[in-house]
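Participant: Data: upload32.tsv, TSV, C-alpha atoms.
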chain	number	residue	atom	x	y	z
A	95	MET	CA	95.39	-76.10	-78.56
A	96	THR	CA	92.82	-75.52	-81.21
A	97	THR	CA	89.90	-73.04	-80.52
A	98	ARG	CA	86.50	-74.53	-81.21
A	99	ILE	CA	83.84	-72.35	-82.79
A	100	PRO	CA	80.30	-73.24	-81.60
A	101	SER	CA	78.02	-74.44	-84.34
A	102	ALA	CA	74.33	-73.87	-84.76
A	103	ASP	CA	73.65	-77.29	-83.25
A	104	ASP	CA	75.56	-76.39	-80.11
A	105	SER	CA	73.42	-73.18	-79.75
A	106	ASN	CA	70.21	-75.14	-80.06
A	107	GLU	CA	71.39	-77.57	-77.45
A	108	PHE	CA	72.21	-74.74	-75.03
A	109	ILE	CA	68.84	-73.22	-75.46
A	110	GLN	CA	67.09	-76.45	-74.80
A	111	ARG	CA	69.02	-76.93	-71.61
A	112	ALA	CA	68.10	-73.44	-70.43
A	113	GLY	CA	64.40	-74.03	-70.71
A	114	GLY	CA	63.21	-74.03	-74.26
A	115	ALA	CA	62.72	-71.53	-77.08
A	116	PRO	CA	63.71	-67.77	-76.61
A	117	GLN	CA	60.87	-65.24	-75.39
A	118	PRO	CA	60.55	-61.57	-76.45
A	119	ARG	CA	61.27	-58.77	-73.79
A	120	ALA	CA	57.77	-57.18	-73.73
A	121	PHE	CA	57.63	-56.04	-70.10
A	122	PRO	CA	60.40	-53.36	-70.15
A	123	PHE	CA	59.01	-51.71	-73.31
A	124	ARG	CA	55.47	-51.48	-71.83
A	125	MET	CA	56.80	-49.75	-68.72
A	126	LEU	CA	58.74	-47.29	-70.86
A	127	TRP	CA	55.61	-46.51	-72.89
A	128	LEU	CA	53.55	-45.88	-69.75
A	129	PHE	CA	56.28	-43.71	-68.31
A	130	MET	CA	56.42	-41.61	-71.45
A	131	PHE	CA	52.62	-41.27	-71.49
A	132	PHE	CA	52.40	-40.00	-67.93
A	133	LEU	CA	55.40	-37.72	-68.46
A	134	VAL	CA	53.76	-36.05	-71.44
A	135	LEU	CA	50.47	-35.84	-69.55
A	136	GLY	CA	52.20	-34.24	-66.55
A	137	ILE	CA	54.03	-31.73	-68.70
A	138	GLY	CA	50.80	-30.83	-70.44
A	139	PHE	CA	48.93	-30.41	-67.16
A	140	PHE	CA	51.75	-28.25	-65.77
A	141	ALA	CA	51.78	-26.07	-68.86
A	142	PHE	CA	47.99	-25.71	-68.69
A	143	SER	CA	48.17	-24.77	-65.00
A	144	VAL	CA	50.82	-22.14	-65.67
A	145	TYR	CA	48.66	-20.72	-68.47
A	146	LEU	CA	45.57	-20.50	-66.28
A	147	THR	CA	47.51	-18.90	-63.44
A	148	ARG	CA	49.04	-16.26	-65.65
A	149	HIS	CA	45.80	-15.64	-67.50
A	150	PHE	CA	43.69	-15.01	-64.43
A	151	ALA	CA	46.46	-13.09	-62.71
A	152	PHE	CA	46.71	-10.79	-65.75
A	153	GLN	CA	42.95	-10.41	-65.85
A	154	GLY	CA	43.01	-9.42	-62.19
A	155	ILE	CA	45.77	-6.91	-62.74
A	156	ARG	CA	44.03	-5.54	-65.81
A	157	THR	CA	40.73	-5.28	-63.96
A	158	GLN	CA	42.43	-3.61	-61.00
A	159	THR	CA	44.33	-1.23	-63.27
A	160	ARG	CA	41.20	-0.44	-65.23
A	161	SER	CA	39.33	0.15	-61.97
A	162	LYS	CA	42.05	2.46	-60.69
A	163	PHE	CA	42.11	4.28	-64.02
A	164	ARG	CA	38.37	4.73	-63.91
A	165	ASN	CA	38.63	6.00	-60.35
A	166	CYS	CA	41.28	8.51	-61.46
A	167	VAL	CA	39.07	9.62	-64.33
A	168	ASP	CA	36.11	9.97	-61.98
A	169	VAL	CA	38.20	12.06	-59.58
A	170	ILE	CA	39.46	14.27	-62.41
A	171	GLN	CA	35.97	14.68	-63.82
A	172	SER	CA	34.58	15.54	-60.41
A	173	GLU	CA	37.33	18.11	-59.76
A	174	VAL	CA	37.47	19.70	-63.22
A	175	SER	CA	34.10	20.12	-64.86
A	176	LEU	CA	31.93	22.79	-66.42
A	177	GLU	CA	29.51	22.51	-63.51
A	178	GLN	CA	31.77	24.39	-61.11
A	179	TRP	CA	31.82	27.32	-63.56
A	180	ILE	CA	28.13	27.51	-64.38
A	181	HIS	CA	26.77	26.45	-60.98
A	182	PRO	CA	28.88	28.12	-58.29
A	183	SER	CA	28.84	27.07	-54.65
A	184	GLN	CA	25.67	27.77	-52.70
A	185	THR	CA	27.78	29.55	-50.10
A	186	THR	CA	29.87	32.68	-50.58
A	187	ALA	CA	32.62	31.46	-48.22
A	188	HIS	CA	36.12	30.94	-49.65
A	189	GLY	CA	39.74	31.13	-48.54
A	190	MET	CA	41.11	33.45	-51.22
A	191	SER	CA	42.99	36.64	-50.45
A	192	ASP	CA	41.90	39.86	-52.18
A	193	GLU	CA	44.74	39.51	-54.67
A	194	GLU	CA	43.74	35.93	-55.50
A	195	LEU	CA	40.05	36.84	-55.66
A	196	LEU	CA	40.54	39.76	-58.06
A	197	TRP	CA	42.78	37.64	-60.27
A	198	ARG	CA	40.27	34.80	-60.39
A	199	ALA	CA	37.35	37.17	-61.01
A	200	SER	CA	39.09	38.78	-64.00
A	201	PHE	CA	38.88	35.59	-66.12
A	202	VAL	CA	37.04	36.29	-69.38
A	203	PRO	CA	35.92	33.54	-71.82
A	204	GLN	CA	37.20	34.30	-75.32
A	205	VAL	CA	34.40	32.35	-77.02
A	206	LYS	CA	31.25	34.47	-77.08
A	207	GLU	CA	28.79	31.59	-77.39
A	208	TYR	CA	28.10	29.77	-74.13
A	209	PRO	CA	28.19	25.92	-74.23
A	210	PHE	CA	25.15	25.81	-71.93
A	211	ARG	CA	21.84	27.56	-71.52
A	212	ARG	CA	22.71	30.75	-69.64
A	213	THR	CA	20.08	32.83	-67.87
A	214	PRO	CA	21.53	36.30	-67.13
A	215	LYS	CA	21.09	37.40	-63.52
A	216	ILE	CA	21.24	40.64	-61.54
A	217	ALA	CA	23.79	40.64	-58.73
A	218	PHE	CA	22.66	42.78	-55.79
A	219	LEU	CA	25.70	43.96	-53.82
A	220	PHE	CA	24.85	45.14	-50.29
A	221	LEU	CA	27.58	47.27	-48.69
A	222	THR	CA	26.70	47.61	-45.01
A	223	ARG	CA	28.28	47.75	-41.58
A	224	GLY	CA	25.95	45.15	-40.09
A	225	PRO	CA	22.28	44.15	-40.31
A	226	LEU	CA	19.79	44.81	-43.09
A	227	PRO	CA	16.81	46.36	-41.28
A	228	LEU	CA	14.81	46.66	-44.52
A	229	ALA	CA	15.30	42.99	-45.43
A	230	PRO	CA	11.56	42.12	-45.14
A	231	LEU	CA	10.82	44.61	-47.94
A	232	TRP	CA	13.53	43.10	-50.13
A	233	GLU	CA	12.27	39.59	-49.39
A	234	ARG	CA	8.93	40.56	-50.94
A	235	PHE	CA	10.70	42.18	-53.88
A	236	TYR	CA	12.61	38.96	-54.71
A	237	ARG	CA	9.66	36.61	-54.17
A	238	GLY	CA	8.90	34.51	-57.25
A	239	TYR	CA	12.08	35.35	-59.18
A	240	LEU	CA	14.51	32.69	-57.99
A	241	GLY	CA	17.22	32.09	-60.60
A	242	LEU	CA	17.18	35.68	-61.89
A	243	TYR	CA	19.19	37.28	-59.11
A	244	SER	CA	22.15	36.76	-56.78
A	245	ILE	CA	22.84	38.46	-53.44
A	246	TYR	CA	26.19	39.39	-51.86
A	247	ILE	CA	26.62	41.15	-48.51
A	248	HIS	CA	29.77	42.94	-47.30
A	249	THR	CA	29.72	43.79	-43.59
A	250	LEU	CA	32.25	44.47	-40.89
A	251	PRO	CA	34.33	41.30	-40.41
A	252	SER	CA	33.12	40.97	-36.82
A	253	TYR	CA	29.43	40.97	-37.74
A	254	MET	CA	27.68	37.60	-37.98
A	255	ALA	CA	24.39	37.70	-39.84
A	256	ASN	CA	21.50	35.73	-38.33
A	257	PHE	CA	19.11	35.28	-41.24
A	258	SER	CA	16.89	32.20	-41.17
A	259	SER	CA	17.64	29.39	-43.60
A	260	GLU	CA	14.48	30.34	-45.55
A	261	SER	CA	15.70	33.89	-46.17
A	262	VAL	CA	17.13	34.95	-49.54
A	263	PHE	CA	19.95	36.58	-47.54
A	264	TYR	CA	20.95	33.36	-45.77
A	265	GLY	CA	24.59	32.41	-46.39
A	266	ARG	CA	25.24	35.42	-48.66
A	267	GLN	CA	27.79	37.21	-46.48
A	268	ILE	CA	31.18	37.37	-48.22
A	269	PRO	CA	34.65	37.40	-46.58
A	270	SER	CA	35.15	41.07	-45.76
A	271	GLN	CA	37.48	43.65	-44.26
A	272	VAL	CA	36.98	46.98	-42.51
A	273	SER	CA	36.00	49.79	-44.89
A	274	GLU	CA	35.91	53.49	-44.02
A	275	TRP	CA	33.85	56.16	-45.70
A	276	GLY	CA	35.84	58.40	-48.06
A	277	GLN	CA	38.92	56.16	-48.08
A	278	MET	CA	40.34	53.59	-50.48
A	279	SER	CA	39.15	50.77	-48.22
A	280	MET	CA	35.60	51.68	-49.30
A	281	CYS	CA	36.54	51.10	-52.95
A	282	ASP	CA	38.27	47.88	-51.89
A	283	ALA	CA	35.00	46.68	-50.39
A	284	GLU	CA	33.11	47.50	-53.58
A	285	ARG	CA	35.71	45.69	-55.73
A	286	ARG	CA	35.49	42.76	-53.32
A	287	LEU	CA	31.72	42.60	-53.82
A	288	LEU	CA	32.09	42.79	-57.60
A	289	ALA	CA	34.78	40.11	-57.63
A	290	ASN	CA	32.73	37.67	-55.56
A	291	ALA	CA	29.74	38.23	-57.83
A	292	LEU	CA	31.86	37.73	-60.97
A	293	LEU	CA	32.64	34.17	-59.83
A	294	ASP	CA	29.11	33.33	-60.96
A	295	ILE	CA	29.31	33.33	-64.77
A	296	SER	CA	25.55	34.00	-65.03
A	297	ASN	CA	25.69	37.36	-63.22
A	298	GLU	CA	25.41	40.00	-65.94
A	299	TRP	CA	24.40	43.21	-64.12
A	300	PHE	CA	25.80	44.44	-60.81
A	301	VAL	CA	23.96	46.88	-58.53
A	302	LEU	CA	25.63	48.45	-55.48
A	303	LEU	CA	23.25	49.08	-52.57
A	304	SER	CA	23.39	49.97	-48.88
A	305	GLU	CA	21.33	48.84	-45.90
A	306	SER	CA	19.24	52.02	-46.30
A	307	CYS	CA	18.26	51.36	-49.93
A	308	ILE	CA	14.81	50.27	-51.09
A	309	PRO	CA	13.46	49.05	-54.46
A	310	LEU	CA	11.13	51.56	-56.12
A	311	HIS	CA	9.63	49.13	-58.66
A	312	ASN	CA	8.87	45.44	-58.82
A	313	PHE	CA	11.50	42.92	-59.89
A	314	SER	CA	10.06	42.45	-63.38
A	315	ILE	CA	10.43	46.16	-64.20
A	316	VAL	CA	13.94	46.30	-62.72
A	317	TYR	CA	15.08	43.25	-64.67
A	318	LYS	CA	13.66	44.51	-67.96
A	319	TYR	CA	15.11	48.00	-67.41
A	320	LEU	CA	18.63	46.69	-66.87
A	321	SER	CA	18.57	43.93	-69.48
A	322	LYS	CA	17.27	46.20	-72.25
A	323	SER	CA	19.60	49.11	-71.54
A	324	ARG	CA	22.49	49.83	-73.89
A	325	TYR	CA	24.36	51.56	-71.09
A	326	SER	CA	25.52	51.08	-67.52
A	327	PHE	CA	24.44	53.57	-64.89
A	328	ILE	CA	27.10	55.51	-63.03
A	329	GLY	CA	27.42	59.27	-62.61
A	330	SER	CA	30.45	60.75	-64.37
A	331	LEU	CA	30.48	64.52	-63.99
A	332	ASP	CA	33.27	66.90	-64.96
A	333	ASP	CA	32.81	69.35	-62.08
A	334	PRO	CA	35.04	72.44	-62.41
A	335	GLY	CA	34.40	73.50	-58.81
A	336	PRO	CA	36.25	72.80	-55.54
A	337	TYR	CA	34.45	69.48	-55.02
A	338	GLY	CA	35.32	68.25	-58.52
A	339	ARG	CA	38.53	69.34	-60.24
A	340	GLY	CA	39.48	71.02	-56.99
A	341	ARG	CA	40.26	67.58	-55.55
A	342	TYR	CA	42.56	66.59	-58.39
A	343	ASP	CA	46.26	66.04	-57.64
A	344	HIS	CA	48.68	66.65	-60.53
A	345	ARG	CA	50.87	63.82	-59.29
A	346	MET	CA	48.28	61.50	-60.86
A	347	LEU	CA	49.79	62.26	-64.27
A	348	PRO	CA	50.36	60.73	-66.76
A	349	GLU	CA	47.74	58.04	-66.01
A	350	VAL	CA	45.01	60.54	-65.12
A	351	SER	CA	44.85	64.09	-66.44
A	352	ILE	CA	42.65	66.81	-64.97
A	353	GLU	CA	40.52	66.69	-68.12
A	354	GLN	CA	39.78	63.02	-67.39
A	355	TRP	CA	39.00	63.59	-63.70
A	356	ARG	CA	35.37	62.76	-62.91
A	357	LYS	CA	32.97	62.78	-59.97
A	358	GLY	CA	29.87	60.65	-59.43
A	359	SER	CA	27.61	58.91	-56.97
A	360	GLN	CA	29.01	55.92	-55.13
A	361	TRP	CA	25.90	53.85	-55.95
A	362	PHE	CA	26.23	52.36	-59.40
A	363	GLU	CA	24.94	49.68	-61.77
A	364	VAL	CA	27.43	48.20	-64.24
A	365	ASN	CA	27.37	45.33	-66.69
A	366	ARG	CA	29.77	42.40	-66.61
A	367	LYS	CA	32.27	44.00	-68.99
A	368	LEU	CA	32.66	47.09	-66.81
A	369	ALA	CA	32.71	45.04	-63.60
A	370	ILE	CA	35.73	43.16	-64.96
A	371	THR	CA	37.34	46.47	-65.93
A	372	ILE	CA	37.05	47.56	-62.30
A	373	VAL	CA	38.40	44.40	-60.65
A	374	LYS	CA	41.34	43.95	-63.03
A	375	ASP	CA	42.60	47.54	-62.79
A	376	LYS	CA	46.24	47.91	-61.77
A	377	THR	CA	46.92	51.10	-63.71
A	378	TYR	CA	44.77	53.71	-61.97
A	379	TYR	CA	44.30	52.09	-58.57
A	380	PRO	CA	47.83	52.91	-57.28
A	381	LYS	CA	47.41	56.58	-58.26
A	382	PHE	CA	44.09	56.94	-56.46
A	383	GLU	CA	45.36	55.03	-53.45
A	384	LYS	CA	48.39	57.29	-53.12
A	385	PHE	CA	47.07	60.71	-54.11
A	386	CYS	CA	43.29	60.73	-53.46
A	387	LYS	CA	43.41	61.01	-49.68
A	388	PRO	CA	40.72	62.30	-47.26
A	389	HIS	CA	38.98	65.44	-48.46
A	390	CYS	CA	39.29	63.86	-51.89
A	391	TYR	CA	36.66	61.17	-51.11
A	392	VAL	CA	38.04	58.50	-53.42
A	393	ASP	CA	34.77	56.54	-53.66
A	394	GLU	CA	33.25	59.52	-55.53
A	395	HIS	CA	36.08	59.70	-58.09
A	396	TYR	CA	37.87	56.38	-58.67
A	397	PHE	CA	35.18	54.40	-60.52
A	398	PRO	CA	33.73	57.35	-62.51
A	399	THR	CA	37.22	58.38	-63.67
A	400	LEU	CA	38.37	54.82	-64.43
A	401	LEU	CA	35.27	53.96	-66.49
A	402	THR	CA	35.25	57.31	-68.29
A	403	ILE	CA	38.82	56.70	-69.46
A	404	GLU	CA	38.26	53.05	-70.39
A	405	SER	CA	34.66	52.87	-71.63
A	406	SER	CA	32.91	56.23	-71.65
A	407	HIS	CA	30.69	55.12	-74.56
A	408	LEU	CA	29.06	52.51	-72.28
A	409	LEU	CA	27.99	54.98	-69.55
A	410	ALA	CA	24.57	56.60	-69.19
A	411	ASN	CA	26.21	59.20	-66.92
A	412	ARG	CA	23.55	58.99	-64.23
A	413	SER	CA	22.71	56.86	-61.22
A	414	LEU	CA	19.64	54.65	-60.79
A	415	THR	CA	19.52	55.35	-57.04
A	416	TRP	CA	17.45	58.32	-55.92
A	417	VAL	CA	18.77	60.45	-53.04
A	418	ASP	CA	17.78	63.85	-51.63
A	419	TRP	CA	20.58	66.40	-51.21
A	420	SER	CA	18.23	69.33	-50.74
A	421	ARG	CA	18.91	69.60	-47.02
A	422	GLY	CA	22.62	70.23	-47.56
A	423	GLY	CA	25.54	68.72	-45.68
A	424	ALA	CA	27.99	65.92	-46.34
A	425	HIS	CA	25.28	63.25	-46.42
A	426	PRO	CA	21.86	63.04	-48.10
A	427	ALA	CA	18.61	63.20	-46.16
A	428	THR	CA	17.36	60.18	-44.20
A	429	PHE	CA	13.65	59.32	-44.23
A	430	GLY	CA	11.74	57.64	-41.41
A	431	ARG	CA	8.24	56.51	-40.58
A	432	SER	CA	6.64	59.95	-40.68
A	433	ASP	CA	8.21	60.81	-44.05
A	434	VAL	CA	7.02	57.77	-45.98
A	435	THR	CA	3.58	58.60	-47.34
A	436	GLU	CA	1.74	57.93	-50.57
A	437	ALA	CA	2.42	61.47	-51.81
A	438	PHE	CA	6.13	61.17	-50.94
A	439	LEU	CA	6.59	57.96	-52.93
A	440	LYS	CA	4.61	59.31	-55.90
A	441	ARG	CA	6.94	62.33	-56.10
A	442	ILE	CA	9.90	59.98	-56.42
A	443	LEU	CA	8.19	57.70	-58.93
A	444	ASN	CA	6.60	60.32	-61.17
A	445	GLY	CA	8.53	63.53	-60.67
A	446	PHE	CA	11.44	63.03	-63.07
A	447	THR	CA	12.28	62.71	-66.77
A	448	CYS	CA	15.52	61.25	-68.06
A	449	SER	CA	17.17	59.64	-71.07
A	450	TYR	CA	16.90	55.87	-71.47
A	451	ASN	CA	18.53	54.37	-74.58
A	452	ASN	CA	18.56	57.91	-76.02
A	453	TYR	CA	14.80	58.32	-75.56
A	454	ASP	CA	12.90	60.26	-72.89
A	455	SER	CA	11.63	58.16	-70.01
A	456	THR	CA	9.67	58.82	-66.80
A	457	ILE	CA	11.26	55.83	-65.09
A	458	CYS	CA	14.55	57.30	-63.92
A	459	PHE	CA	15.23	55.61	-60.59
A	460	LEU	CA	14.95	51.94	-59.67
A	461	PHE	CA	16.15	52.31	-56.08
A	462	GLY	CA	16.04	54.95	-53.35
A	463	ARG	CA	17.97	55.90	-50.20
A	464	LYS	CA	18.36	56.75	-47.35
A	465	PHE	CA	15.54	55.06	-45.42
A	466	SER	CA	15.78	54.37	-41.72
A	467	PRO	CA	14.54	51.16	-40.01
A	468	SER	CA	11.42	53.00	-38.84
A	469	ALA	CA	10.35	53.43	-42.49
A	470	LEU	CA	9.84	49.67	-42.90
A	471	GLU	CA	6.24	49.54	-41.66
A	472	PRO	CA	4.78	52.21	-44.00
A	473	LEU	CA	6.87	50.85	-46.89
A	474	LEU	CA	5.45	47.34	-46.44
A	475	ARG	CA	1.95	48.81	-46.29
A	476	LEU	CA	2.31	51.00	-49.40
A	477	ALA	CA	4.46	48.69	-51.56
A	478	PRO	CA	1.63	46.57	-53.11
A	479	ASP	CA	-0.19	49.60	-54.52
A	480	LEU	CA	2.66	52.01	-55.26
A	481	LEU	CA	5.78	49.88	-55.82
A	482	GLY	CA	4.08	46.92	-57.49
A	483	PHE	CA	5.11	44.12	-55.15
A	484	GLY	CA	4.28	42.75	-51.71
Kindly present the structure from the file in structure tokens form.
Facilitator:
Amino acid sequence: MTTRIPSADDSNEFIQRAGGAPQPRAFPFRMLWLFMFFLVLGIGFFAFSVYLTRHFAFQGIRTQTRSKFRNCVDVIQSEVSLEQWIHPSQTTAHGMSDEELLWRASFVPQVKEYPFRRTPKIAFLFLTRGPLPLAPLWERFYRGYLGLYSIYIHTLPSYMANFSSESVFYGRQIPSQVSEWGQMSMCDAERRLLANALLDISNEWFVLLSESCIPLHNFSIVYKYLSKSRYSFIGSLDDPGPYGRGRYDHRMLPEVSIEQWRKGSQWFEVNRKLAITIVKDKTYYPKFEKFCKPHCYVDEHYFPTLLTIESSHLLANRSLTWVDWSRGGAHPATFGRSDVTEAFLKRILNGFTCSYNNYDSTICFLFGRKFSPSALEPLLRLAPDLLGFG
């Protein structure tokens, strides 16, 4: 059988039977085009959504991180700043031990120029067992000179001061321990006072006082006298007698020789340099603690000897606190109401000549002791005319 190959005419006939001329397939291509369009649009929308999500999420994280960083910086700046050095706490309370306090107080800036405007102040260090009966007189003395002085009070640990919130003594009681006359605990109390006062970088001069001390001049004279002096004021006497070299113990060698042994009044005024010398001492303190026992009266020898060895050229070798030993005994005379008269105060103010900056001066004492509580009334009455304040 022979295979027949369709001709062009046969194809045309088949087409005519099927319904006419051939039509193009437009519908499937249009659907494909629409599908591709929406697919691209969907992919683009998805990509844009992912971008926005990541962008704003990153911004949130960055903002949160930046906020946390700023908070950290604020915390650091609030905890470590110059302010805490130049403007100490308004209260004298702290939780440091004596060892920690003395270590902290011995810090010394090595750059002489201060990066702030510093107003030097006088630190008044009151060493007392309890109340300050002459406080009203001191209140008048300090009036009008805020910012030029600081006050620190060392009492028995059990004593709670009750000054009013308007008083200059309010909140000035430091953490203290029991101190006994003639023993090393008395020097510990004085070092404790110095160390607390050294925490205020503006304190430049340090005056040790008792509850029986009074000011003999107004604040302006006291401030000028201390600020203009080339020397600090502490007695440093080489006494060859039984109450001087007679108290020396040879076991204090080699740190302290008998030639270096000194005696002086407990009541001193020292500048900041010498105050730091006292609180940082670990060389002479153990010797005095061990070998200057009762009948040595360590508070009369430790500081004069220490400062004579370390900085004798800075000492005026006299005290600024007047006392009367004329009655004899282990303690100076105490003055009450009947003793305090105009003539009595004039003898103290005008009856002496001394050396001040290597020149003669008639102002030799800025403070006086011992005055009993009964002396307060005549002192308040006479202070405006004779002492220059009140």
Participant: Choose the residue, out of A:Ala217, A:Arg366, A:Tyr378, A:Arg234, that has the smallest atom-to-atom separation from A:Ala199; count all atoms listed in the file.
Facilitator: A:Arg366
Participant: Could you list, as a VMD selection string, every residue within 12 Å of A:Met280, counting only C-alpha atoms and ignoring same-chain residues fewer than 2 positions away?
Facilitator: chain A and resid 221 to 223 248 to 250 270 to 278 282 to 287 360 to 361 383 388 391 to 397
Participant: Compare A:Ala410, A:Leu460, A:Val434, A:Leu476 by their minimum atom-to-atom distance to A:Ser323, counting all atoms listed in the file, and give me the closest one.
Facilitator: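 Among the listed residues, the smallest separation from A:Ser323 belongs to A:Ala410.
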Participant: If you measure from atom CA of A:Phe459 to atom CA of A:Ile328, what distance in Å do you get, rounded to one decimal?
Facilitator: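 About the pair atom CA of A:Phe459 and atom CA of A:Ile328: they are 12.1 Å apart.
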Participant: Report the distance between atom CA of A:Ser321 and atom CA of A:Pro426 in Å, rounded to one decimal place.
Facilitator: 28.9 Å
Participant: Might you pull out every residue within 10 Å of stretch 446-456 of chain A, with only C-alpha atoms counted and same-chain residues fewer than 4 positions away left off, and present them as a PDB file with C-alpha atoms, keeping the file's coordinate frame?
Facilitator:
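selection-v9.pdb was written with the following content:
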ATOM      1  CA  TYR A 319      15.110  48.000 -67.410  1.00  0.00           C
ATOM      2  CA  LYS A 322      17.270  46.200 -72.250  1.00  0.00           C
ATOM      3  CA  SER A 323      19.600  49.110 -71.540  1.00  0.00           C
ATOM      4  CA  ARG A 324      22.490  49.830 -73.890  1.00  0.00           C
ATOM      5  CA  TYR A 325      24.360  51.560 -71.090  1.00  0.00           C
ATOM      6  CA  ALA A 410      24.570  56.600 -69.190  1.00  0.00           C
ATOM      7  CA  ASN A 411      26.210  59.200 -66.920  1.00  0.00           C
ATOM      8  CA  ARG A 412      23.550  58.990 -64.230  1.00  0.00           C
ATOM      9  CA  ARG A 441       6.940  62.330 -56.100  1.00  0.00           C
ATOM     10  CA  ILE A 442       9.900  59.980 -56.420  1.00  0.00           C
TER      11      ILE A 442
END
Participant: So what do you get for atom CA of A:Arg341 versus atom CA of A:Pro398, distance-wise?
Facilitator: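 Those two atoms sit 14.0 Å apart.
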Participant: Between A:Pro227, A:Pro182, A:Pro269, A:Gly335, which has the minimum distance to A:Leu470 (counting all atoms listed in the file)?
Facilitator: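 Among the listed residues, the smallest separation from A:Leu470 belongs to A:Pro227.
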Participant: Between A:Leu240, A:Leu310, A:Cys458, A:Cys390, which is the closest to A:Gly338 once you count all atoms listed in the file?
Facilitator: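 That would be A:Cys390, the residue with the smallest distance to A:Gly338.
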Participant: Rank A:Trp355, A:Tyr253, A:Tyr379, A:Phe327 by their smallest atom-to-atom distance to A:Gly340, using all atoms listed in the file, and report the top residue only.
Facilitator: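 Selected residue with least distance to A:Gly340: A:Trp355.
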Participant: Determine the nearest neighbour of A:His407 from the options A:Ile372, A:Ser326, A:Ala424, A:Phe257, counting all atoms listed in the file.
Facilitator: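 The shortest atom-to-atom distance to A:His407 comes from A:Ser326.
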Participant: When you look at A:Pro348 with a cut-off of 12 Å (counting only C-alpha atoms), what residues show up, excluding the ones that are within fewer than 4 positions of it in the same chain? I need them as a list in words.
Facilitator: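 Counting only C-alpha atoms, the residues come to Asp343, His344, Ile352, Glu353, Gln354, Thr377, Tyr378 and Lys381 of chain A.
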Participant: Can those selected residues be exported to a file as an mmCIF file, keeping the file's coordinate frame so that it contains C-alpha atoms?
Facilitator:
data_model
loop_
_atom_site.group_PDB
_atom_site.id
_atom_site.type_symbol
_atom_site.label_atom_id
_atom_site.label_comp_id
_atom_site.auth_asym_id
_atom_site.auth_seq_id
_atom_site.Cartn_x
_atom_site.Cartn_y
_atom_site.Cartn_z
ATOM 1 C CA ASP A 343 46.260 66.040 -57.640
ATOM 2 C CA HIS A 344 48.680 66.650 -60.530
ATOM 3 C CA ILE A 352 42.650 66.810 -64.970
ATOM 4 C CA GLU A 353 40.520 66.690 -68.120
ATOM 5 C CA GLN A 354 39.780 63.020 -67.390
ATOM 6 C CA THR A 377 46.920 51.100 -63.710
ATOM 7 C CA TYR A 378 44.770 53.710 -61.970
ATOM 8 C CA LYS A 381 47.410 56.580 -58.260
#
Participant: Find the residues near A:Lys215: any atom within 6 Å, counting all atoms listed in the file, skip ones fewer than 6 places away on the same chain, and give them as a ChimeraX atom specification.
Facilitator: /A:242-243,296-298
Participant: Would you be able to write out as a list in words which residues have an atom within 10 Å of (10.6, 57.9, -40.6) in the file's coordinates, counting all atoms listed in the file?
Facilitator: Thr428, Phe429, Gly430, Arg431, Ser432, Asp433, Val434, Thr435, Phe465, Ser466, Pro467, Ser468, Ala469, Leu470, Glu471 and Pro472 of chain A
Participant: Please dump the current selection as an mmCIF file, keeping the file's coordinate frame; keep C-alpha atoms.
Facilitator:
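Now in selection.cif:
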data_model
loop_
_atom_site.group_PDB
_atom_site.id
_atom_site.type_symbol
_atom_site.label_atom_id
_atom_site.label_comp_id
_atom_site.auth_asym_id
_atom_site.auth_seq_id
_atom_site.Cartn_x
_atom_site.Cartn_y
_atom_site.Cartn_z
ATOM 1 C CA THR A 428 17.360 60.180 -44.200
ATOM 2 C CA PHE A 429 13.650 59.320 -44.230
ATOM 3 C CA GLY A 430 11.740 57.640 -41.410
ATOM 4 C CA ARG A 431 8.240 56.510 -40.580
ATOM 5 C CA SER A 432 6.640 59.950 -40.680
ATOM 6 C CA ASP A 433 8.210 60.810 -44.050
ATOM 7 C CA VAL A 434 7.020 57.770 -45.980
ATOM 8 C CA THR A 435 3.580 58.600 -47.340
ATOM 9 C CA PHE A 465 15.540 55.060 -45.420
ATOM 10 C CA SER A 466 15.780 54.370 -41.720
ATOM 11 C CA PRO A 467 14.540 51.160 -40.010
ATOM 12 C CA SER A 468 11.420 53.000 -38.840
ATOM 13 C CA ALA A 469 10.350 53.430 -42.490
ATOM 14 C CA LEU A 470 9.840 49.670 -42.900
ATOM 15 C CA GLU A 471 6.240 49.540 -41.660
ATOM 16 C CA PRO A 472 4.780 52.210 -44.000
#
Participant: For stretch 468-481 of chain A, I'd like the enclosing box, axis-aligned and padded by 4 Å on every side, reported as JSON with centre and edge lengths in Å to one decimal.
Facilitator:
{"center_x": 5.6, "center_y": 50.0, "center_z": -47.3, "size_x": 19.6, "size_y": 14.9, "size_z": 25.0}
Participant: Please provide as a ChimeraX atom specification all residues within 8 Å of A:Phe483, with the sequence filter that same-chain residues fewer than 4 positions apart are discarded (counting all atoms listed in the file).
Facilitator: /A:234-235,311-312,477-479
Participant: Write the selection just made, keeping C-alpha atoms, as a compact mmCIF listing (two decimals), keeping the file's coordinate frame?
Facilitator:
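What landed in part-v5.txt:
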# COMPACT_ATOMS: atom_id res chain seq x y z
CA ARG A 234 8.93 40.56 -50.94
CA PHE A 235 10.70 42.18 -53.88
CA HIS A 311 9.63 49.13 -58.66
CA ASN A 312 8.87 45.44 -58.82
CA ALA A 477 4.46 48.69 -51.56
CA PRO A 478 1.63 46.57 -53.11
CA ASP A 479 -0.19 49.60 -54.52
